[in-house]
Structure formats: C-alpha cells, structure tokens
Amino acid sequence: MITAPDLVVAVGPALFEVVVTGRGDGEVRDVFLADPQEPATGQPGDLVLGLGLRNAEEAVELLERCAATNASSVVLRTGLAQDPEVVATAERWLLTLIALQPSVTWAHVVWLLRGVLDRAAAPNSPAAGDAGVHQELFALADAAAAIVDAPVTIEDNQSRVLAYSSQHNISDTDPARVSTIVGRRVPPEVISHYRARGVFRRLARSSEPFFVPPGPNVRPRLVVPVRAGGEWLGSIWAMVGGPVTDEVTAELSNAASVLALHLLRLRAQADVARRSAIDRLRTVLRQFSPDAPMDVRLPQPPWRVVALATPDGYDEPQQLDLWESNGRRHGWSEPLLADLDGTVLAVVSDDTDGPGSWRWLRKLAIDLAKDSPGTAAAAGGLARYPADLPSSRAEAVELLGLVRRGVAEGPALRVEQAWHLLTVHRAVTSLDTTKLDGPLATLLRHDIAHDTGFVETLQAWLNYPGQPQQAAKELHLHTNTLRHRMKRIGEIADLDLSDPRERLALQLQIAAVRTEH
C-alpha cells in the first residue's frame with residue numbers, strides 16, 4: 001500500500017511539497033485529473049490533480065467537491081496551494097493539500113505518479129519495475145548523442161552509470177568511457193581527476209552546462225547538470241572533441257529537463273521497492289511463519305542478524321539511511337537492512353568474507369568507529385533456517401544494549417564472544433530489586449542509615465577472590481583497611497563467603513542493584 005505522503009516522500013521535494021497534512025493516510029490507487037468544468041472528482045483511492053484552475057475560488061470549490069466524495073489528497077499548483085483561503089478549506093475538511101512546482105507539466109506528473117503507483121501495485125513485475133524507465137534513459141542517451149554528435153553517458157549524482165549511447169564506435173571513445181560502461185560506474189581514478197578540477201562542486205551548485213578540458217587518458221567532456229526544483233539528480237556527459245556551440249548546449253539543456261523527470265520517476269520507483277523490501281524483511285525478523293511465502297532474497301545460510309548503532313544525533317530513518325549508504329559505498333550492492341522497534345538490523349552471511357558477510361560488516365563497523373565513536377555492530381547467533389532469524393535478532397539487540405552501556409566491549413562482536421555477559425545480564429534483569437532478601441538487604445539498609453560503603457567493599461572483595469591487594473587497589477584503600485571493613489561486614493550481616501552459591505547470589509544481587517542505579 002502507498003499513501004499520498006508516501007508518494008511525496010518517494011518523488012521528493014523537487015516536485016511536491018505538503019502544505020496541509022490531513023487524513024491522507026489511505027491507499028492511493030490512481031491519479032484523477034479534475035476538470036473545473038466537470039463535477040466528477042474521481043473515487044476513493046484517487047489522488048486528485050487540480051488542473052486548469054484559474055483562481056482560488058475554483059480551487060476552494062474543487063476541495064469541497066473532493067471532501068464530499070471522500071477524497072483525501074489534492075494536488076494544486078504552488079500559487080493556489082499556498083493561498084490562505086485554499087489552505088483554510090483544506091484544513092477544515094482534513095484534506096491533504098500538496099503543492100506542485102510550476103515548472104512541470106500535468107502530463108509529466110501523471111506519467112511520473114502512475115509509474116510509482118504501478119511499481120507499488122506489482123513490485124516484482126518487470127512491467128511495473130524500472131525496465132521501462134531504463135529503456136527510455138538509453139533512448140535519451142542516443143538522442144543526446146545525436147544532438148552533440150559524440151558518445152554520451154547518463155549518470156546519477158553518485159557517479160553511477162544509468163545509460164549510455166550506442167551510436168558510436170569504440171574508436172570514438174577513451175579508456176575512461178570504456179571502464180565506466182563496463183563497471184557501471186565512473187572509475188575511482190577518473191572521479192579523483194574530476195574532483196581535483198572542481199567538476200563535482202560545480203555540478204552540485206550550478207544548472208549551466210560546462211566544458212571540462214582533457215586529462216591523462218581522458219578526452220574533453222561537455223557536462224550538463226540535471227536538476228529539478230534546485231535538486232541535483234544527475235548529469236549528462238558528452239565526450240566531445242572541443243567546445244561546442246551555444247545552440248548544441250541549449251538543446252542538451254532541454255534534454256536535461258526531460259531527463260530530470262525520468263530520474264525522479266526512477267528514484268521514486270526505487271524508493272517504493274526499497275520500502276517494500278524493508279517491510280518484508282521486518283516481517284521475517286519479527287516472527288517467521290512457515291505458512292507465509294518467503295519473498296525475501298537471502299544469501300546462502302547460515303546467517304546472522306546484526307544490530308547496528310550509529311553515533312548520537314541520528315533518528316531512526318537517518319540511521320537506516322546511513323548504514324545503507326555506508327554498505328553500498330563499500331560494495332554491498334543490495335543491503336539486507338531494516339529498522340525494527342528502534343534498532344537498525346542487518347542480515348548477513350556467516351561463512352564468506354565478501355560484502356554482506358559478518359566478517360566484512362565487522363571490519364566496516366570497526367573502521368567507521370575510528371572516526372564516528374558510537375558506531376557498533378552486535379551479531380546474534382547462527383541462523384541456519386529462516387525460522388531461526390527472530391531468535392538471532394533478539395540476541396543481537398540484547399548484545400547491542402550491553403555494548404551501548406559499556407558492559408560489553410565493542411565496537412563489533414558476536415554473542416559467542418559475550419556469552420558470559422549475556423548470561424549474567426539475563427539473570428540480573430530477572431531479579432526484583434524491591435524484594436531483596438539475605439545479607440545484601442541488611443548491608444544496603446546499613447549503608448543508607450550510616451552513610452557507609454560496605455556494599456561497594458563487598459563487591460570488590462567478590463570481584464577479586466583471593467586477591468585482597470587488588471581489591472584494595474580498586475577501592476583506593478590500604479589492604480589492612482579492607483580486611484578491617486570485611487570483618488565489620490561479617491559482624492553486620494550473616495555471610496558465608498566460603499559457599500560458592502552464596503557468592504554467586506550476592507554478585508547477582510549487587511549487579512541488579514547497580515543496574516537499577
């Protein structure tokens with residue numbers, strides 16, 4: 001299911017802005033173009049597009065008609081959507097009001113939105129997926145190549161190749177273009193070459209095409225930024241022989257405007273597919289059902305579920321985005337990540353070394369933690385079958401909690417390395433500190449009444465059995481002072497420290513009390 005707010009998030013701020021948040025949380029199944037001369041406003045489940053409206057009065061009338069037919073969301077041009085009377089009407093009828101930027105035609109909006117809705121309706125269908133958009137991108141690359149009479153690549157803002165022209169021979173190109181097409185992204189050394197010349201800074205800030213002189217094994221390029229609503233989406237790269245005419249540059253700029261809509265649609269469809277994959281993974285991690293279809297693509301077992309932490313200051317969606325970005329940047333092309341109950345989780349393989357494995361993720365977490373303290377990865381136990389994944393998740397989340405509190409040493413470890421800490425933690429958390437019995441309760445009351453520290457003294461003594469010097473050092477006391485305090489503790493409370501079970505019980509009770517405070 002996809003809602004109107006989901007659509008806005010998927011397409012991004014380059015085209016849409018939510019002006020009023022109403023009750024638009026119902027499923028959007030189609031878009032409806034409302035004609036001001038016609039009474040129809042679609043049916044429930046339609047996202048209503050208010051085209052042809054001449055003034056605020058007609059916009060208010062459309063909103064009232066939509067409210068009468070139980071529509072939940074309306075899209076208007078920015079000028080009308082921000083009119084005070086229109087805003088007040090949307091708020092009164094609890095309608096979600098979305099503003100559309102003036103530079104985009106309604107036909108393109110319908111095409112873009114229906115592509116996203118088709119993807120949401122059938123996320124696994126090739127017809128509803130990205131194939132159509134990619135074919136159009138290759139056609140655009142060929143069209144741009146014909147305009148400039150030179151080989152062309154189309155890239156996103158991460159220097160990933162989305163399409164390339166096919167009308168030129170290999171002799172017309174250079175090694176950088178060949179490597180880019182074969183590797184599906186610009187090679188690192190070429191990126192370094194362009195970054196040193198400020199190419200990417202210019203792409204991020206400007207809408208104007210510009211010429212890049214040649215470099216080692218790199219022929220000159222005409223670069224055309226692709227933007228929508230001020231947002232940089234990608235670029236067109238034409239491998240030209242030298243500077244081109246203003247007419248050619250203008251035509252390529254027009255092609256970039258068309259390309260921007262394609263990139264928005266591609267991103268929106270990818271976002272819908274991503275959210276759908278996250279939802280499916282959440283379901284498997286929460287409680288696997290053998291009767292439910294297994295529609296999550298997992299690597300070969302065994303697996304581990306890993307709970308991931310980021311430095312403070314990130315909310316939950318940002319944490320997920322950050323880990324996904326880090327994973328992709330370091331080679332994990334399809335990260336198996338989801339956020340569940342406030343924690344980012346990853347499913348990794350356990351018997352390999354490459355991207356998407358525990359060994360790889362452990363190294364990544366350790367490297368990230370050097371510059372970003374607070375980064376951590378805690379891996380649950382082995383999962384050999386899908387039904388084992390929820391248990392591995394629970395262990396991972398529990399272990400991550402110990403790492404965050406400093407009980408277990410991070411930044412990356414498995415449950416097998418911390419089994420003793422987990423065992424004690426589970427025992428301690430099961431104790432009710434409001435119902436303590438035995439000598440510890442007596443010592444606690446004495447400490448409160450006389451402002452002594454006998455519980456702390458006893459804890460150090462138990463932590464270093466047979467090592468009074470070490471225990472005294474822990475407390476910053478002389479060894480004779482420690483022995484005197486232990487003698488006094490024996491007078492206050494009935495203790496038998498020769499009994500291993502009593503020592504264990506006391507240590508658990510002390511740990512429980514310390515955890516409470």
# chains A, B, ... in the order shown; residues from 1 in each chain; ligands from 1

call {"tool": "residues_around", "arguments": {"residues": "Thr89 of chain A", "least_positions_apart": "4", "cutoff": "8 Å", "atoms": "only C-alpha atoms", "output": "JSON, numbers by chain"}}
result
{"A": [60, 63, 64, 85, 93]}

call {"tool": "write_last_selection", "arguments": {"atoms": "N, CA and C atoms", "output": "PDB file, in the first residue's frame"}}
result
ATOM      1  N   VAL A  60     -11.004  26.304  -4.145  1.00  0.00           N
ATOM      2  CA  VAL A  60     -11.824  26.015  -2.959  1.00  0.00           C
ATOM      3  C   VAL A  60     -13.006  25.130  -3.341  1.00  0.00           C
ATOM      4  N   LEU A  63     -11.811  21.569  -3.726  1.00  0.00           N
ATOM      5  CA  LEU A  63     -11.557  20.933  -2.433  1.00  0.00           C
ATOM      6  C   LEU A  63     -12.864  20.494  -1.774  1.00  0.00           C
ATOM      7  N   GLU A  64     -13.871  21.312  -1.855  1.00  0.00           N
ATOM      8  CA  GLU A  64     -15.158  20.962  -1.239  1.00  0.00           C
ATOM      9  C   GLU A  64     -15.798  19.772  -1.946  1.00  0.00           C
ATOM     10  N   GLU A  85      -7.020  31.157   1.688  1.00  0.00           N
ATOM     11  CA  GLU A  85      -8.386  30.623   1.670  1.00  0.00           C
ATOM     12  C   GLU A  85      -8.385  29.145   1.297  1.00  0.00           C
ATOM     13  N   TRP A  93     -11.607  20.624   6.028  1.00  0.00           N
ATOM     14  CA  TRP A  93     -12.119  19.325   5.578  1.00  0.00           C
ATOM     15  C   TRP A  93     -11.110  18.187   5.786  1.00  0.00           C
TER      16      TRP A  93
END

call {"tool": "residues_around", "arguments": {"residues": "segment 263-275 of chain A", "least_positions_apart": "5", "cutoff": "6 Å", "atoms": "only C-alpha atoms", "output": "CSV table (one decimal) with C-alpha atoms, in the first residue's frame"}}
result
chain,number,residue,atom,x,y,z
A,10,ALA,CA,9.2,8.9,-2.9
A,11,VAL,CA,9.2,11.7,-5.6
A,112,LEU,CA,5.6,10.0,-13.1
A,116,VAL,CA,5.3,4.9,-9.0

call {"tool": "closest_atom_pairs", "arguments": {"of": "segment 314-432 of chain A", "to": "segment 296-309 of chain A", "cutoff": "8 Å", "atoms": "only C-alpha atoms", "output": "tab-separated table"}}
result
residue	atom	partner	partner_atom	distance
A:Gln319	CA	A:Ala309	CA	7.7
A:Thr343	CA	A:Ala307	CA	6.7
A:Val344	CA	A:Leu308	CA	5.4
A:Leu345	CA	A:Ala307	CA	4.7
A:Ala346	CA	A:Val306	CA	5.0
A:Val347	CA	A:Val305	CA	4.6
A:Val348	CA	A:Arg304	CA	5.5
A:Ser349	CA	A:Trp303	CA	4.4
A:Asp350	CA	A:Trp303	CA	5.3
A:Asp351	CA	A:Pro302	CA	7.1
A:Trp358	CA	A:Arg304	CA	7.4
A:Gly374	CA	A:Ala309	CA	6.8
A:Thr375	CA	A:Ala309	CA	5.2
A:Ala376	CA	A:Ala309	CA	4.9
A:Ala377	CA	A:Leu308	CA	4.6
A:Ala378	CA	A:Ala307	CA	5.2
A:Ala379	CA	A:Val306	CA	4.2
A:Gly380	CA	A:Val305	CA	5.5
A:Gly381	CA	A:Arg304	CA	6.1
A:Leu382	CA	A:Arg304	CA	5.2
A:Ala383	CA	A:Trp303	CA	5.0
A:Arg384	CA	A:Pro302	CA	4.5
A:Tyr385	CA	A:Pro301	CA	7.3
A:Leu389	CA	A:Val305	CA	6.7
A:Ser392	CA	A:Val305	CA	5.5
A:Arg393	CA	A:Val305	CA	5.2
A:Ala396	CA	A:Ala307	CA	5.3
A:Val397	CA	A:Ala307	CA	5.5
A:Leu400	CA	A:Ala307	CA	6.3

call {"tool": "write_last_selection", "arguments": {"atoms": "C-alpha atoms", "output": "CSV table (one decimal), in the first residue's frame"}}
result
chain,number,residue,atom,x,y,z
A,319,GLN,CA,20.3,5.6,11.0
A,343,THR,CA,17.0,-0.6,16.0
A,344,VAL,CA,18.7,-1.0,12.6
A,345,LEU,CA,19.2,-4.6,11.7
A,346,ALA,CA,21.2,-6.4,9.0
A,347,VAL,CA,21.0,-10.0,7.8
A,348,VAL,CA,24.5,-11.2,6.8
A,349,SER,CA,26.0,-14.5,5.7
A,350,ASP,CA,28.4,-16.1,8.1
A,351,ASP,CA,30.6,-18.3,6.0
A,358,TRP,CA,29.7,-10.8,9.1
A,374,GLY,CA,29.2,5.3,19.0
A,375,THR,CA,29.2,3.1,15.8
A,376,ALA,CA,28.7,-0.5,16.8
A,377,ALA,CA,27.7,-3.9,15.4
A,378,ALA,CA,26.4,-6.7,17.6
A,379,ALA,CA,25.8,-10.1,15.9
A,380,GLY,CA,23.3,-12.7,17.2
A,381,GLY,CA,23.7,-16.4,17.0
A,382,LEU,CA,23.8,-18.5,13.8
A,383,ALA,CA,20.5,-18.9,11.9
A,384,ARG,CA,20.5,-22.0,9.7
A,385,TYR,CA,16.8,-21.7,8.8
A,389,LEU,CA,16.2,-15.4,12.3
A,392,SER,CA,19.2,-14.3,16.3
A,393,ARG,CA,17.6,-10.8,16.1
A,396,ALA,CA,21.7,-9.2,18.6
A,397,VAL,CA,19.5,-6.4,20.1
A,400,LEU,CA,23.9,-4.2,21.4

call {"tool": "select_by_dssp", "arguments": {"residues": "segment 3-232 of chain A", "states": "helix (DSSP H, G or I)", "output": "PyMOL selection string"}}
result
chain A and resi 4-11+56-68+78-81+84-92+106-121+126-128+131-148+170-172+175-183+188-196+199-205

call {"tool": "residues_around", "arguments": {"residues": "Phe138 of chain A", "least_positions_apart": "4", "cutoff": "9 Å", "atoms": "only C-alpha atoms", "output": "ChimeraX atom specification"}}
result
/A:133-134,142-143,153-154,162-166

call {"tool": "write_last_selection", "arguments": {"atoms": "N, CA and C atoms", "output": "PDB file, in the first residue's frame"}}
result
ATOM      1  N   VAL A 133      11.648   2.602 -17.609  1.00  0.00           N
ATOM      2  CA  VAL A 133      12.375   3.851 -17.414  1.00  0.00           C
ATOM      3  C   VAL A 133      13.797   3.731 -17.947  1.00  0.00           C
ATOM      4  N   HIS A 134      14.456   2.610 -17.679  1.00  0.00           N
ATOM      5  CA  HIS A 134      15.828   2.424 -18.160  1.00  0.00           C
ATOM      6  C   HIS A 134      15.880   2.428 -19.684  1.00  0.00           C
ATOM      7  N   ASP A 142      20.892   8.165 -26.549  1.00  0.00           N
ATOM      8  CA  ASP A 142      21.093   8.168 -28.001  1.00  0.00           C
ATOM      9  C   ASP A 142      20.673   9.501 -28.605  1.00  0.00           C
ATOM     10  N   ALA A 143      19.565  10.071 -28.088  1.00  0.00           N
ATOM     11  CA  ALA A 143      19.097  11.362 -28.607  1.00  0.00           C
ATOM     12  C   ALA A 143      20.118  12.461 -28.303  1.00  0.00           C
ATOM     13  N   THR A 153      27.139   9.474 -21.872  1.00  0.00           N
ATOM     14  CA  THR A 153      26.672   8.649 -20.742  1.00  0.00           C
ATOM     15  C   THR A 153      25.765   9.509 -19.869  1.00  0.00           C
ATOM     16  N   ILE A 154      24.803   8.835 -19.240  1.00  0.00           N
ATOM     17  CA  ILE A 154      23.912   9.480 -18.271  1.00  0.00           C
ATOM     18  C   ILE A 154      24.223   8.880 -16.912  1.00  0.00           C
ATOM     19  N   LEU A 162      23.704   5.200 -15.553  1.00  0.00           N
ATOM     20  CA  LEU A 162      22.320   4.772 -15.743  1.00  0.00           C
ATOM     21  C   LEU A 162      22.054   4.363 -17.185  1.00  0.00           C
ATOM     22  N   ALA A 163      22.716   5.008 -18.148  1.00  0.00           N
ATOM     23  CA  ALA A 163      22.511   4.685 -19.569  1.00  0.00           C
ATOM     24  C   ALA A 163      23.667   5.280 -20.369  1.00  0.00           C
ATOM     25  N   TYR A 164      23.832   4.785 -21.595  1.00  0.00           N
ATOM     26  CA  TYR A 164      24.881   5.310 -22.465  1.00  0.00           C
ATOM     27  C   TYR A 164      24.433   5.150 -23.910  1.00  0.00           C
ATOM     28  N   SER A 165      24.978   6.000 -24.762  1.00  0.00           N
ATOM     29  CA  SER A 165      24.596   5.961 -26.180  1.00  0.00           C
ATOM     30  C   SER A 165      25.267   4.783 -26.863  1.00  0.00           C
ATOM     31  N   SER A 166      24.657   4.339 -27.940  1.00  0.00           N
ATOM     32  CA  SER A 166      25.158   3.135 -28.633  1.00  0.00           C
ATOM     33  C   SER A 166      25.476   3.414 -30.092  1.00  0.00           C
TER      34      SER A 166
END

call {"tool": "closest_residue", "arguments": {"among": "A:Asn55, A:Thr96, A:Ser257, A:Thr433", "to": "Ala71 of chain A", "atoms": "only C-alpha atoms"}}
result
A:Thr96

call {"tool": "decode", "arguments": {"residues": "segment 323-360 of chain A", "atoms": "C-alpha atoms", "output": "mmCIF file, in the first residue's frame"}}
result
data_model
loop_
_atom_site.group_PDB
_atom_site.id
_atom_site.type_symbol
_atom_site.label_atom_id
_atom_site.label_comp_id
_atom_site.auth_asym_id
_atom_site.auth_seq_id
_atom_site.Cartn_x
_atom_site.Cartn_y
_atom_site.Cartn_z
ATOM 1 C CA TRP A 323 24.024 2.246 7.213
ATOM 2 C CA GLU A 324 22.588 1.626 3.761
ATOM 3 C CA SER A 325 24.783 4.372 2.303
ATOM 4 C CA ASN A 326 27.880 3.027 4.061
ATOM 5 C CA GLY A 327 27.094 -0.511 2.919
ATOM 6 C CA ARG A 328 26.647 0.430 -0.726
ATOM 7 C CA ARG A 329 29.718 2.672 -0.703
ATOM 8 C CA HIS A 330 31.842 -0.262 0.464
ATOM 9 C CA GLY A 331 30.490 -2.783 -2.028
ATOM 10 C CA TRP A 332 27.246 -4.228 -0.588
ATOM 11 C CA SER A 333 25.085 -3.644 -3.652
ATOM 12 C CA GLU A 334 21.809 -4.923 -2.135
ATOM 13 C CA PRO A 335 21.963 -4.400 1.641
ATOM 14 C CA LEU A 336 19.586 -6.573 3.677
ATOM 15 C CA LEU A 337 18.688 -3.869 6.193
ATOM 16 C CA ALA A 338 15.553 -2.938 8.120
ATOM 17 C CA ASP A 339 14.637 -0.861 11.130
ATOM 18 C CA LEU A 340 12.540 -2.644 13.755
ATOM 19 C CA ASP A 341 11.475 -1.400 17.202
ATOM 20 C CA GLY A 342 14.020 1.408 17.147
ATOM 21 C CA THR A 343 17.043 -0.631 16.012
ATOM 22 C CA VAL A 344 18.655 -0.972 12.585
ATOM 23 C CA LEU A 345 19.164 -4.641 11.723
ATOM 24 C CA ALA A 346 21.179 -6.382 9.031
ATOM 25 C CA VAL A 347 21.037 -9.981 7.832
ATOM 26 C CA VAL A 348 24.488 -11.177 6.794
ATOM 27 C CA SER A 349 26.022 -14.462 5.717
ATOM 28 C CA ASP A 350 28.405 -16.142 8.146
ATOM 29 C CA ASP A 351 30.646 -18.328 6.010
ATOM 30 C CA THR A 352 32.008 -15.837 3.459
ATOM 31 C CA ASP A 353 34.322 -12.819 3.521
ATOM 32 C CA GLY A 354 32.855 -10.519 0.898
ATOM 33 C CA PRO A 355 30.363 -7.638 1.169
ATOM 34 C CA GLY A 356 27.249 -8.726 3.025
ATOM 35 C CA SER A 357 29.126 -11.134 5.321
ATOM 36 C CA TRP A 358 29.686 -10.814 9.071
ATOM 37 C CA ARG A 359 33.470 -10.575 8.659
ATOM 38 C CA TRP A 360 33.047 -7.742 6.171
#
